[in-house]
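Visitor: The following file, coords06.tsv, comprises TSV, C-alpha atoms and all ligand atoms:
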```tsv
chain	number	residue	atom	x	y	z
B	21	MET	CA	16.23	21.74	9.68
B	22	VAL	CA	13.62	19.41	11.16
B	23	THR	CA	10.05	20.06	9.98
B	24	GLU	CA	7.96	21.24	12.93
B	25	SER	CA	4.59	19.86	11.81
B	26	ALA	CA	5.96	16.37	11.00
B	27	ASP	CA	5.22	13.59	13.48
B	28	LEU	CA	7.97	11.52	11.92
B	29	GLU	CA	10.93	12.62	9.88
B	30	CYS	CA	13.68	10.29	8.69
B	31	ARG	CA	16.77	11.46	6.87
B	32	ASP	CA	18.99	9.25	4.80
B	33	LEU	CA	18.44	6.11	6.88
B	34	VAL	CA	20.68	3.15	6.14
B	35	ARG	CA	20.73	-0.32	7.71
B	36	ARG	CA	23.04	-2.98	6.33
B	37	PHE	CA	23.22	-6.70	7.05
B	38	GLY	CA	26.63	-7.82	5.82
B	39	ASP	CA	27.14	-6.33	2.35
B	40	ALA	CA	23.46	-5.87	1.60
B	41	ALA	CA	21.55	-2.71	2.53
B	42	ALA	CA	18.10	-3.73	3.83
B	43	VAL	CA	17.27	-0.01	4.10
B	44	ASP	CA	19.18	2.06	1.58
B	45	HIS	CA	19.15	5.86	2.10
B	46	ILE	CA	15.51	6.36	2.94
B	47	SER	CA	14.11	9.79	3.79
B	48	LEU	CA	10.51	10.40	4.70
B	49	ASN	CA	8.28	12.98	6.30
B	50	ILE	CA	4.90	12.09	7.79
B	51	PRO	CA	2.62	14.93	8.92
B	52	ALA	CA	0.59	14.54	12.13
B	53	GLY	CA	-2.61	12.53	11.82
B	54	GLN	CA	-1.70	10.77	8.61
B	55	PHE	CA	-2.29	7.13	7.67
B	56	PHE	CA	1.00	6.32	5.99
B	57	SER	CA	1.66	2.92	4.42
B	58	ILE	CA	4.89	1.35	3.31
B	59	LEU	CA	4.07	-1.11	0.55
B	60	GLY	CA	6.49	-3.55	-0.97
B	61	PRO	CA	7.22	-7.19	-1.76
B	62	SER	CA	8.68	-9.64	0.75
B	63	GLY	CA	12.29	-8.85	1.61
B	64	CYS	CA	12.26	-5.21	0.41
B	65	GLY	CA	13.16	-3.89	3.89
B	66	LYS	CA	9.77	-2.83	5.36
B	67	THR	CA	10.18	-4.61	8.70
B	68	THR	CA	13.75	-3.39	9.12
B	69	LEU	CA	12.59	0.18	8.58
B	70	LEU	CA	9.71	-0.20	11.02
B	71	ARG	CA	11.99	-1.79	13.64
B	72	MET	CA	14.32	1.20	13.37
B	73	LEU	CA	11.39	3.56	13.99
B	74	ALA	CA	10.44	1.50	17.06
B	75	GLY	CA	14.05	1.43	18.29
B	76	PHE	CA	14.56	-2.36	18.01
B	77	GLU	CA	17.12	-1.89	15.26
B	78	LYS	CA	19.86	0.75	15.10
B	79	PRO	CA	20.50	2.63	11.85
B	80	ASP	CA	24.05	2.47	10.47
B	81	SER	CA	23.61	6.08	9.43
B	82	GLY	CA	20.86	8.68	9.12
B	83	ASP	CA	18.49	10.27	11.61
B	84	ILE	CA	15.02	9.62	13.01
B	85	HIS	CA	13.05	12.52	14.51
B	86	ILE	CA	9.65	12.19	16.18
B	87	ARG	CA	7.90	15.54	16.72
B	88	GLY	CA	11.23	17.24	16.19
B	89	GLU	CA	13.15	15.19	18.76
B	90	ARG	CA	16.07	13.03	17.62
B	91	MET	CA	15.36	9.39	18.51
B	92	ASN	CA	18.52	7.56	17.38
B	93	ASP	CA	19.79	7.00	20.92
B	94	VAL	CA	16.41	6.74	22.67
B	95	PRO	CA	15.55	3.13	23.74
B	96	PRO	CA	12.27	1.57	22.50
B	97	ASN	CA	10.41	1.96	25.81
B	98	ARG	CA	11.21	5.70	25.91
B	99	ARG	CA	9.94	6.45	22.40
B	100	PRO	CA	6.39	7.83	21.95
B	101	VAL	CA	5.65	4.84	19.75
B	102	ASN	CA	3.63	1.62	19.98
B	103	MET	CA	3.58	-1.34	17.69
B	104	VAL	CA	0.84	-3.78	16.60
B	105	PHE	CA	2.12	-7.06	15.22
B	106	GLN	CA	0.54	-9.61	12.88
B	107	HIS	CA	0.35	-12.06	15.76
B	108	LEU	CA	-1.34	-9.89	18.28
B	109	ALA	CA	0.16	-11.47	21.39
B	110	LEU	CA	-2.72	-10.61	23.71
B	111	PHE	CA	-2.07	-12.15	27.14
B	112	PRO	CA	-4.38	-15.21	27.07
B	113	THR	CA	-4.77	-15.50	30.84
B	114	MET	CA	-5.77	-11.86	31.30
B	115	THR	CA	-9.13	-10.33	30.54
B	116	VAL	CA	-9.57	-7.74	27.81
B	117	GLY	CA	-9.51	-5.00	30.46
B	118	GLU	CA	-6.33	-6.37	32.06
B	119	ASN	CA	-4.67	-6.61	28.67
B	120	ILE	CA	-5.44	-2.95	28.03
B	121	ALA	CA	-4.48	-1.96	31.58
B	122	TYR	CA	-1.03	-3.52	31.32
B	123	GLY	CA	0.71	-0.58	29.61
B	124	LEU	CA	-1.12	1.95	31.79
B	125	GLN	CA	0.11	0.17	34.95
B	126	ARG	CA	3.66	0.28	33.66
B	127	GLN	CA	3.21	4.01	33.12
B	128	ARG	CA	1.95	4.23	36.74
B	129	VAL	CA	-1.42	5.69	35.74
B	130	PRO	CA	-3.63	5.76	38.91
B	131	PRO	CA	-6.38	3.04	39.07
B	132	ALA	CA	-9.37	5.41	38.72
B	133	GLU	CA	-7.93	7.06	35.60
B	134	ARG	CA	-6.95	3.62	34.27
B	135	ARG	CA	-10.54	2.38	34.53
B	136	SER	CA	-11.96	5.41	32.80
B	137	ARG	CA	-9.38	5.28	29.98
B	138	ILE	CA	-10.02	1.55	29.44
B	139	ASN	CA	-13.79	2.07	29.26
B	140	SER	CA	-13.42	5.00	26.94
B	141	VAL	CA	-11.00	3.24	24.55
B	142	LEU	CA	-13.22	0.13	24.44
B	143	GLU	CA	-16.12	2.40	23.55
B	144	GLN	CA	-14.06	4.02	20.78
B	145	VAL	CA	-13.08	0.69	19.20
B	146	GLY	CA	-16.69	-0.49	19.31
B	147	LEU	CA	-16.36	-3.02	22.15
B	148	PRO	CA	-18.14	-1.34	25.09
B	149	GLY	CA	-18.73	-3.56	28.11
B	150	LEU	CA	-16.32	-6.33	27.06
B	151	ALA	CA	-13.58	-5.55	29.61
B	152	ASP	CA	-14.23	-8.75	31.59
B	153	ARG	CA	-14.10	-11.17	28.67
B	154	ASN	CA	-11.13	-13.38	27.97
B	155	PRO	CA	-9.44	-12.97	24.56
B	156	GLN	CA	-10.50	-16.56	23.67
B	157	GLN	CA	-14.14	-15.47	23.95
B	158	LEU	CA	-13.72	-12.90	21.16
B	159	SER	CA	-13.85	-13.16	17.37
B	160	GLY	CA	-10.71	-12.53	15.31
B	161	GLY	CA	-11.86	-9.03	14.42
B	162	GLN	CA	-12.67	-8.22	18.06
B	163	ARG	CA	-9.24	-9.43	19.16
B	164	GLN	CA	-7.75	-7.16	16.53
B	165	ARG	CA	-9.59	-4.21	18.01
B	166	VAL	CA	-8.42	-5.09	21.53
B	167	ALA	CA	-4.82	-5.17	20.25
B	168	LEU	CA	-5.35	-1.70	18.80
B	169	ALA	CA	-7.06	-0.45	21.95
B	170	ARG	CA	-4.15	-1.71	24.04
B	171	CYS	CA	-1.79	0.51	22.04
B	172	LEU	CA	-4.05	3.51	21.48
B	173	VAL	CA	-4.93	3.83	25.17
B	174	LEU	CA	-1.29	4.83	25.72
B	175	LYS	CA	-1.76	7.79	23.35
B	176	PRO	CA	1.40	7.22	21.31
B	177	THR	CA	2.52	9.85	18.79
B	178	LEU	CA	3.03	7.06	16.27
B	179	LEU	CA	1.35	3.70	15.97
B	180	LEU	CA	3.43	1.26	13.94
B	181	LEU	CA	1.49	-1.63	12.39
B	182	ASP	CA	3.33	-4.66	11.02
B	183	GLU	CA	0.90	-6.42	8.63
B	184	PRO	CA	-1.72	-6.68	11.40
B	185	LEU	CA	-4.39	-8.11	9.06
B	186	GLY	CA	-2.13	-10.81	7.62
B	187	ALA	CA	-3.42	-13.60	9.87
B	188	LEU	CA	-7.14	-12.90	9.24
B	189	ASP	CA	-9.28	-14.65	6.66
B	190	LEU	CA	-10.13	-12.78	3.47
B	191	LYS	CA	-13.61	-11.61	4.41
B	192	LEU	CA	-12.57	-10.31	7.82
B	193	ARG	CA	-9.54	-8.63	6.29
B	194	GLU	CA	-11.79	-6.74	3.86
B	195	HIS	CA	-13.95	-5.60	6.76
B	196	MET	CA	-11.03	-4.66	9.01
B	197	LYS	CA	-9.43	-2.55	6.27
B	198	VAL	CA	-12.36	-0.18	6.42
B	199	GLU	CA	-12.57	-0.40	10.24
B	200	LEU	CA	-8.90	0.50	10.64
B	201	LYS	CA	-9.25	3.52	8.40
B	202	HIS	CA	-12.25	4.75	10.44
B	203	LEU	CA	-10.45	4.10	13.73
B	204	GLN	CA	-7.35	5.96	12.62
B	205	LYS	CA	-9.44	8.99	11.65
B	206	SER	CA	-11.43	8.92	14.89
B	207	PHE	CA	-8.31	8.69	17.12
B	208	GLY	CA	-6.29	11.08	14.94
B	209	THR	CA	-3.10	9.13	15.78
B	210	THR	CA	-0.45	8.94	13.08
B	211	PHE	CA	-0.31	5.39	11.70
B	212	VAL	CA	2.68	3.87	9.92
B	213	TYR	CA	1.47	0.65	8.36
B	214	ILE	CA	3.56	-1.90	6.49
B	215	THR	CA	2.08	-4.36	4.05
B	216	HIS	CA	2.77	-6.29	0.87
B	217	ASP	CA	-0.94	-6.08	-0.04
B	218	GLN	CA	-1.54	-3.21	-2.44
B	219	SER	CA	-5.28	-3.24	-1.91
B	220	GLU	CA	-4.86	-2.66	1.86
B	221	ALA	CA	-2.50	0.24	1.17
B	222	LEU	CA	-4.79	1.83	-1.43
B	223	VAL	CA	-7.96	1.59	0.65
B	224	MET	CA	-6.60	2.83	3.96
B	225	SER	CA	-3.82	5.30	3.34
B	226	ASP	CA	-3.46	9.03	2.91
B	227	GLN	CA	0.02	8.45	1.52
B	228	VAL	CA	1.80	5.32	0.36
B	229	ALA	CA	5.52	4.72	-0.07
B	230	VAL	CA	6.23	1.93	-2.55
B	231	MET	CA	9.43	0.22	-1.44
B	232	ARG	CA	11.75	-1.96	-3.49
B	233	GLN	CA	15.20	-3.28	-2.59
B	234	GLY	CA	15.61	-0.96	0.38
B	235	ARG	CA	14.51	2.21	-1.40
B	236	PHE	CA	11.31	4.13	-2.06
B	237	ASP	CA	10.30	4.14	-5.73
B	238	GLN	CA	7.46	6.62	-5.15
B	239	VAL	CA	5.69	8.32	-2.25
B	240	ALA	CA	2.24	9.56	-3.22
B	241	SER	CA	-1.48	9.43	-2.56
B	242	PRO	CA	-3.19	6.15	-3.56
B	243	GLU	CA	-4.85	7.90	-6.53
B	244	GLU	CA	-1.59	9.30	-7.80
B	245	LEU	CA	0.22	5.96	-7.44
B	246	TYR	CA	-2.51	4.22	-9.35
B	247	HIS	CA	-2.98	6.76	-12.14
B	248	SER	CA	0.52	8.25	-12.42
B	249	PRO	CA	3.06	5.59	-11.45
B	250	ALA	CA	6.59	6.99	-11.45
B	251	THR	CA	8.35	3.72	-12.29
B	252	PRO	CA	7.54	0.48	-14.12
B	253	PHE	CA	7.75	-1.34	-10.79
B	254	VAL	CA	5.00	0.85	-9.29
B	255	ALA	CA	2.92	0.43	-12.47
B	256	SER	CA	3.02	-3.35	-12.20
B	257	PHE	CA	2.95	-3.72	-8.38
B	258	VAL	CA	0.03	-1.39	-7.67
B	259	GLY	CA	-3.22	-2.65	-9.19
B	260	ASP	CA	-3.63	-4.83	-12.28
B	261	ASN	CA	-1.83	-3.69	-15.38
B	262	ASN	CA	-1.01	-4.93	-18.87
B	263	ARG	CA	2.58	-4.52	-20.00
B	264	LEU	CA	3.25	-4.15	-23.72
B	265	PRO	CA	6.93	-4.20	-24.73
B	266	GLY	CA	7.96	-2.35	-27.90
B	267	ARG	CA	10.19	0.29	-29.45
B	268	VAL	CA	9.58	4.03	-29.74
B	269	THR	CA	9.00	5.10	-33.35
B	270	GLY	CA	7.78	8.64	-32.70
B	271	LEU	CA	7.43	11.22	-29.93
B	272	THR	CA	5.13	14.25	-30.09
B	273	ASP	CA	4.26	16.50	-27.13
B	274	GLY	CA	5.28	13.78	-24.67
B	275	ILE	CA	3.13	11.11	-26.36
B	276	ALA	CA	5.23	8.19	-27.59
B	277	GLU	CA	4.28	6.07	-30.56
B	278	VAL	CA	5.35	2.52	-29.69
B	279	THR	CA	5.69	-0.22	-32.29
B	280	LEU	CA	4.89	-3.56	-30.67
B	281	GLU	CA	6.59	-6.86	-31.47
B	282	ASP	CA	3.75	-7.79	-33.87
B	283	GLY	CA	4.19	-4.51	-35.79
B	284	GLN	CA	1.08	-2.73	-34.46
B	285	LYS	CA	1.54	0.90	-33.41
B	286	VAL	CA	0.08	2.14	-30.12
B	287	ARG	CA	0.53	5.30	-28.09
B	288	GLY	CA	1.12	6.32	-24.48
B	289	ARG	CA	2.49	9.09	-22.26
B	290	ALA	CA	6.32	9.03	-22.01
B	291	VAL	CA	7.36	9.05	-18.33
B	292	GLY	CA	10.84	10.00	-17.13
B	293	PRO	CA	13.97	10.82	-19.08
B	294	GLY	CA	15.66	8.62	-21.66
B	295	ILE	CA	12.78	8.07	-24.08
B	296	SER	CA	13.46	8.92	-27.73
B	297	ALA	CA	13.13	7.27	-31.15
B	298	GLY	CA	14.56	3.75	-30.99
B	299	THR	CA	14.28	3.32	-27.17
B	300	SER	CA	13.08	-0.09	-25.97
B	301	VAL	CA	10.09	0.59	-23.74
B	302	ASP	CA	7.20	-0.93	-21.84
B	303	LEU	CA	3.75	0.61	-22.25
B	304	PHE	CA	1.30	-0.06	-19.39
B	305	VAL	CA	-2.45	0.02	-19.83
B	306	ARG	CA	-4.93	-0.92	-17.12
B	307	PRO	CA	-7.69	-3.47	-17.83
B	308	GLU	CA	-10.37	-0.88	-17.08
B	309	SER	CA	-8.76	1.85	-19.21
B	310	MET	CA	-9.55	0.02	-22.43
B	311	VAL	CA	-12.70	0.42	-24.49
B	312	ILE	CA	-13.65	-2.14	-27.10
B	313	ASP	CA	-15.24	-1.67	-30.50
B	314	LEU	CA	-15.16	2.13	-30.41
B	315	GLN	CA	-16.42	3.41	-33.78
B	316	SER	CA	-14.27	6.52	-33.91
B	317	ASP	CA	-10.65	7.19	-32.90
B	318	GLN	CA	-11.96	10.13	-30.88
B	319	ASP	CA	-13.52	9.66	-27.44
B	320	ASN	CA	-14.50	12.58	-25.22
B	321	GLY	CA	-12.36	14.83	-27.41
B	322	ARG	CA	-9.27	12.62	-27.04
B	323	GLN	CA	-7.41	10.95	-29.88
B	324	MET	CA	-7.42	7.29	-28.83
B	325	SER	CA	-4.77	4.64	-29.35
B	326	ARG	CA	-6.07	1.56	-31.18
B	327	LEU	CA	-4.94	-2.06	-31.16
B	328	THR	CA	-6.40	-5.21	-32.71
B	329	ALA	CA	-6.54	-8.22	-30.36
B	330	ARG	CA	-8.13	-11.66	-30.48
B	331	VAL	CA	-10.28	-13.05	-27.66
B	332	THR	CA	-8.67	-16.14	-26.11
B	333	THR	CA	-10.87	-16.59	-23.01
B	334	THR	CA	-13.76	-14.91	-21.26
B	335	LEU	CA	-13.27	-14.89	-17.50
B	336	PHE	CA	-16.51	-14.47	-15.58
B	337	ASP	CA	-15.80	-13.18	-12.06
B	338	GLY	CA	-18.86	-11.10	-11.20
B	339	ALA	CA	-18.00	-7.43	-11.13
B	340	ASN	CA	-14.40	-8.19	-12.11
B	341	SER	CA	-15.20	-10.14	-15.29
B	342	ARG	CA	-12.51	-9.86	-17.92
B	343	LEU	CA	-11.62	-10.81	-21.43
B	344	GLU	CA	-8.27	-12.42	-22.01
B	345	THR	CA	-7.06	-11.42	-25.46
B	346	SER	CA	-3.87	-11.74	-27.44
B	347	ALA	CA	-2.07	-9.36	-29.77
B	348	GLY	CA	0.92	-11.08	-31.32
B	349	ASN	CA	2.69	-12.86	-28.45
B	350	GLN	CA	1.20	-10.49	-25.96
B	351	THR	CA	-1.65	-11.29	-23.56
B	352	LEU	CA	-3.92	-8.39	-22.76
B	353	TYR	CA	-6.64	-8.41	-20.08
B	354	ILE	CA	-9.64	-6.15	-20.61
B	355	ARG	CA	-12.11	-5.42	-17.83
B	356	MET	CA	-15.68	-5.76	-19.07
B	357	PRO	CA	-18.37	-3.25	-18.18
B	358	GLN	CA	-21.31	-4.92	-16.42
B	359	ASP	CA	-23.69	-4.57	-19.36
B	360	GLY	CA	-24.12	-8.24	-20.28
B	361	ARG	CA	-21.75	-8.02	-23.25
B	362	LEU	CA	-19.23	-10.53	-21.91
B	363	ALA	CA	-21.05	-13.48	-23.47
B	364	ALA	CA	-21.06	-11.77	-26.88
B	365	HIS	CA	-17.27	-11.95	-27.10
B	366	THR	CA	-16.55	-15.53	-27.94
B	367	THR	CA	-13.14	-17.12	-28.25
B	368	GLY	CA	-11.40	-16.38	-31.54
B	369	VAL	CA	-13.24	-13.12	-32.29
B	370	SER	CA	-11.10	-10.09	-33.20
B	371	LEU	CA	-11.64	-6.82	-31.36
B	372	ASP	CA	-10.46	-3.29	-31.68
B	373	VAL	CA	-9.21	-2.13	-28.30
B	374	CYS	CA	-8.81	1.61	-27.67
B	375	TRP	CA	-7.37	3.71	-24.85
B	376	ASP	CA	-6.54	7.29	-24.06
B	377	PRO	CA	-2.73	7.60	-24.45
B	378	GLU	CA	-2.63	9.93	-21.42
B	379	ARG	CA	-3.69	6.94	-19.29
B	380	ALA	CA	-1.01	4.60	-20.60
B	381	PRO	CA	2.45	5.38	-19.16
B	382	VAL	CA	5.50	4.43	-21.19
B	383	PHE	CA	8.83	3.71	-19.45
B	384	ALA	CA	12.27	3.07	-20.90
B	385	ARG	CA	13.09	-0.60	-20.39
B	386	THR	CA	15.66	-1.21	-17.69
B	387	ALA	CA	17.70	-4.36	-17.19
B	388	PRO	CA	15.69	-6.87	-15.11
F	401	LIG	P1	8.60	-9.49	4.69
F	401	LIG	O1	7.44	-8.80	4.04
F	401	LIG	O2	8.88	-10.85	4.12
F	401	LIG	O3	8.55	-9.46	6.18
F	401	LIG	P2	10.36	-7.18	4.60
F	401	LIG	O4	10.07	-6.27	3.45
F	401	LIG	O5	9.81	-6.80	5.91
F	401	LIG	O6	9.94	-8.66	4.24
F	401	LIG	P3	12.90	-7.28	5.95
F	401	LIG	O7	12.47	-8.28	6.96
F	401	LIG	O8	13.09	-5.87	6.42
F	401	LIG	O9	11.95	-7.30	4.68
F	401	LIG	O10	14.27	-7.78	5.31
F	401	LIG	C1	15.00	-7.01	4.34
F	401	LIG	C2	16.26	-7.78	3.96
F	401	LIG	O11	17.15	-7.80	5.06
F	401	LIG	C3	16.02	-9.24	3.59
F	401	LIG	O12	16.88	-9.57	2.54
F	401	LIG	C4	16.36	-10.00	4.85
F	401	LIG	O13	16.82	-11.29	4.55
F	401	LIG	C5	17.48	-9.14	5.44
F	401	LIG	N1	17.50	-9.19	6.92
F	401	LIG	C6	16.54	-8.79	7.76
F	401	LIG	N2	16.89	-8.97	9.05
F	401	LIG	C7	18.14	-9.52	9.03
F	401	LIG	C8	19.07	-9.94	10.02
F	401	LIG	N3	18.80	-9.81	11.33
F	401	LIG	N4	20.24	-10.45	9.60
F	401	LIG	C9	20.55	-10.57	8.29
F	401	LIG	N5	19.73	-10.17	7.30
F	401	LIG	C10	18.53	-9.66	7.65
```
Now that the file is in, can you turn its structure into C-alpha cells?
Ligand code: ATP
Guide:
Amino acid sequence: MVTESADLECRDLVRRFGDAAAVDHISLNIPAGQFFSILGPSGCGKTTLLRMLAGFEKPDSGDIHIRGERMNDVPPNRRPVNMVFQHLALFPTMTVGENIAYGLQRQRVPPAERRSRINSVLEQVGLPGLADRNPQQLSGGQRQRVALARCLVLKPTLLLLDEPLGALDLKLREHMKVELKHLQKSFGTTFVYITHDQSEALVMSDQVAVMRQGRFDQVASPEELYHSPATPFVASFVGDNNRLPGRVTGLTDGIAEVTLEDGQKVRGRAVGPGISAGTSVDLFVRPESMVIDLQSDQDNGRQMSRLTARVTTTLFDGANSRLETSAGNQTLYIRMPQDGRLAAHTTGVSLDVCWDPERAPVFARTAP
C-alpha cells in the first residue's frame, strides 16, 4: 500500500556498484511540505540515493513513488522533481530572467504567464526587479536564490538539493541556512536536502535521516536526534559529544552503572538491547550537559552522576568556550556557562563533573 499523503515514498531501495551497495535497502516516507535532510559522511551513499530520486540512476531493486505514482521507469525530465546542485550552473550569458524562463519555455508556458511567474518568483525569493541583471552582477547568496527560483518557478512536487551551500563561505552559509528554511516554508514545496554538515541539517530540517554505509541509522526530528540518538554513530556524528568507554557493573531501571578505565563509576541511560553486567560500552555525554562543582548529588530532583576530572586547558571561544579536562586516559570537554567562571578554572585543578544519567546514552560497544 502506498501512503496517500506522502510526497515521496521509497521502499527497500538498493543500488550496487560492483560488490558494494552504495544504497542498501533504504525505505523512507516524506509527507508533503516537509524539509527532509539526509545527513551522512562522504561516501555513505547520499548522492546515489538523490540521483535515484531524480531518475539519473536506476535502482537495482525497490520502488520509488511520488504522490502515489511509481517512478522507477519514468525518465528524469518526466518526473515532478527539480534539482539544485552545489555548483549552481546558472547560464552565464543569460540574464536572471532568462535563466528562470528557460524551464518555463521548455514546458511551453505562454510568454505572458512566463513573465508574471518570473516576477512573482523573484519577489518570493527576495530579488524583485533583478530580472535583467547578469548572474555575474549578483552576490553569491543572490545567485543561490536565483538557482532556487529557477527550480521553484516550475512548481515541482519535490525539490532535491545536493549540498547547495557547500561552495559558499562560512558567513554566507550561516545566513543562507536560515533563508532556505524560510523559503521552503513560504513555498510549501517538499525539500529533500543532502549534506554532510550536521549543523545545516539540524537548523533547517523537519526530519533528518542519518545515513551510514548505505543505510539509515535513524530518521527523526533534529531535537530527537540530538537528545535521543539511537546509535553510537548518531551520538558522535550529530553535535559535539564526549565518549567514555567502560564496562557495565550494574543496571537498575534502565540506568547503567559504568566503570571507566580509571576505576571511576558513572551512570547513563542504557539504549538498545545487549546491555547487561559485564558488557563493554560507550557512554556519551554532551559538553553542555555537564555541571561542575555541584554541591549535592541531587539537581532538580534528579540523582546526578559524578566524575572527578582535571583541567588540562581552558579554550576561550566566545559563547562556545570550553574546558578540556582529563579523567584517567580520557579527555572530556565541558561547555562553560557565560558567567565569567572560565578564568577561575586553571590548568591542573581538579573538578567534580556531574550530569543527569537520563541525558547520557550508553551503547554496547560494537566492533569498529
Ligand atoms: P559525498 O558526500 O562525498 O558526495 P556521498 O555520500 O554522496 O558522498 P555517493 O557519491 O553516493 O556518496 O557514493 C557512495 C559510494 O558509491 C561510494 O563508495 C562511491 O565510491 C560509490 N560510487 C558512487 N558512484 C559510483 C559509480 N558510478 N561507480 C562506482 N562506484 C560509485
Visitor: Could you please extract the residues within 12 Å of ligand LIG 401 (chain F), counting only C-alpha atoms and all ligand atoms, and hand them back as an mmCIF file with C-alpha atoms, in the frame of the given file?
Guide:
```cif
data_model
loop_
_atom_site.group_PDB
_atom_site.id
_atom_site.type_symbol
_atom_site.label_atom_id
_atom_site.label_comp_id
_atom_site.auth_asym_id
_atom_site.auth_seq_id
_atom_site.Cartn_x
_atom_site.Cartn_y
_atom_site.Cartn_z
ATOM 1 C CA VAL B 34 20.680 3.150 6.140
ATOM 2 C CA ARG B 35 20.730 -0.320 7.710
ATOM 3 C CA ARG B 36 23.040 -2.980 6.330
ATOM 4 C CA PHE B 37 23.220 -6.700 7.050
ATOM 5 C CA GLY B 38 26.630 -7.820 5.820
ATOM 6 C CA ASP B 39 27.140 -6.330 2.350
ATOM 7 C CA ALA B 40 23.460 -5.870 1.600
ATOM 8 C CA ALA B 41 21.550 -2.710 2.530
ATOM 9 C CA ALA B 42 18.100 -3.730 3.830
ATOM 10 C CA VAL B 43 17.270 -0.010 4.100
ATOM 11 C CA ASP B 44 19.180 2.060 1.580
ATOM 12 C CA ILE B 58 4.890 1.350 3.310
ATOM 13 C CA LEU B 59 4.070 -1.110 0.550
ATOM 14 C CA GLY B 60 6.490 -3.550 -0.970
ATOM 15 C CA PRO B 61 7.220 -7.190 -1.760
ATOM 16 C CA SER B 62 8.680 -9.640 0.750
ATOM 17 C CA GLY B 63 12.290 -8.850 1.610
ATOM 18 C CA CYS B 64 12.260 -5.210 0.410
ATOM 19 C CA GLY B 65 13.160 -3.890 3.890
ATOM 20 C CA LYS B 66 9.770 -2.830 5.360
ATOM 21 C CA THR B 67 10.180 -4.610 8.700
ATOM 22 C CA THR B 68 13.750 -3.390 9.120
ATOM 23 C CA LEU B 69 12.590 0.180 8.580
ATOM 24 C CA LEU B 70 9.710 -0.200 11.020
ATOM 25 C CA ARG B 71 11.990 -1.790 13.640
ATOM 26 C CA MET B 72 14.320 1.200 13.370
ATOM 27 C CA PHE B 76 14.560 -2.360 18.010
ATOM 28 C CA GLU B 77 17.120 -1.890 15.260
ATOM 29 C CA LYS B 78 19.860 0.750 15.100
ATOM 30 C CA PHE B 105 2.120 -7.060 15.220
ATOM 31 C CA GLN B 106 0.540 -9.610 12.880
ATOM 32 C CA LEU B 181 1.490 -1.630 12.390
ATOM 33 C CA ASP B 182 3.330 -4.660 11.020
ATOM 34 C CA GLU B 183 0.900 -6.420 8.630
ATOM 35 C CA PRO B 184 -1.720 -6.680 11.400
ATOM 36 C CA GLY B 186 -2.130 -10.810 7.620
ATOM 37 C CA TYR B 213 1.470 0.650 8.360
ATOM 38 C CA ILE B 214 3.560 -1.900 6.490
ATOM 39 C CA THR B 215 2.080 -4.360 4.050
ATOM 40 C CA HIS B 216 2.770 -6.290 0.870
ATOM 41 C CA ASP B 217 -0.940 -6.080 -0.040
ATOM 42 C CA VAL B 230 6.230 1.930 -2.550
ATOM 43 C CA MET B 231 9.430 0.220 -1.440
ATOM 44 C CA ARG B 232 11.750 -1.960 -3.490
ATOM 45 C CA GLN B 233 15.200 -3.280 -2.590
ATOM 46 C CA GLY B 234 15.610 -0.960 0.380
ATOM 47 C CA ARG B 235 14.510 2.210 -1.400
ATOM 48 C CA PHE B 236 11.310 4.130 -2.060
#
```
Visitor: Report, as lines of an AutoDock Vina configuration file, the centre and edge lengths in Å (one decimal) of the axis-aligned box enclosing every listed atom of stretch 229-243 of chain B, padded by 3 Å on each side.
Guide:
```
center_x = 5.4
center_y = 3.1
center_z = -3.1
size_x = 26.5
size_y = 18.8
size_z = 12.9
```
Visitor: Provide the atom CA of B:Gly294 to atom CA of B:Gly274 distance in Å, to one decimal place.
Guide: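 We find that atom CA of B:Gly294 and atom CA of B:Gly274 lie 12.0 Å from each other.
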Visitor: May I ask which of the residues B:Ala364, B:Leu200, B:Leu172, B:Val331 is the closest one to B:Val101, counting only C-alpha atoms?
Guide: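 Answer, going by the shortest atom-to-atom distance: B:Leu172.
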Visitor: Of the residues B:Val129, B:Leu179, B:Ala151, B:Leu158, which is the one nearest to B:Leu73, using only C-alpha atoms?
Guide: B:Leu179
Visitor: Please determine, counting all atoms listed in the file, which residue among B:Leu168, B:Ile295, B:Val173, B:Leu352 has the shortest atom-to-atom distance to B:Ala276.
Guide: B:Ile295
Visitor: Which of these, B:Asn349, B:Val198, B:Gly75, B:Asp372, has the shortest distance to B:Met103 once you count only C-alpha atoms?
Guide: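 Of B:Asn349, B:Val198, B:Gly75, B:Asp372, the one nearest B:Met103 is B:Gly75, counting only C-alpha atoms.
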Visitor: Just how far from atom CA of B:Arg326 is atom CA of B:Gly283, in Å to one decimal?
Guide: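 Separation of atom CA of B:Gly283 and atom CA of B:Arg326: 12.8 Å.
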Visitor: Got a sec: who's within 8 Å of B:Leu147, counting all atoms listed in the file, leaving out chain neighbours fewer than 4 positions off, as a PyMOL selection string?
Guide: chain B and resi 142-143+162
Visitor: Generate the output file for the selected residues, C-alpha atoms, as a PDB file, keeping the file's coordinate frame.
Guide:
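Now in out_1.pdb:
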```pdb
ATOM      1  CA  LEU B 142     -13.220   0.130  24.440  1.00  0.00           C
ATOM      2  CA  GLU B 143     -16.120   2.400  23.550  1.00  0.00           C
ATOM      3  CA  GLN B 162     -12.670  -8.220  18.060  1.00  0.00           C
TER       4      GLN B 162
END
```
Visitor: Could you check which of B:Thr115, B:Ile138, B:Leu178, B:Glu29 is closest to B:Asn154, using all atoms listed in the file?
Guide: B:Thr115
Visitor: Name the closest residue to B:Gln350 among the candidates B:Gln164, B:Ser309, B:Asn262, B:Thr366; distances are taken between atoms, counting only C-alpha atoms.
Guide: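 So, comparing all the options, the nearest one is B:Asn262.
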Visitor: Quick one: distance from atom CA of B:Asp32 to atom CA of B:Leu180 in Å, one decimal?
Guide: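 Taking atom CA of B:Asp32 as the start and atom CA of B:Leu180 as the end point, the length is 19.7 Å.
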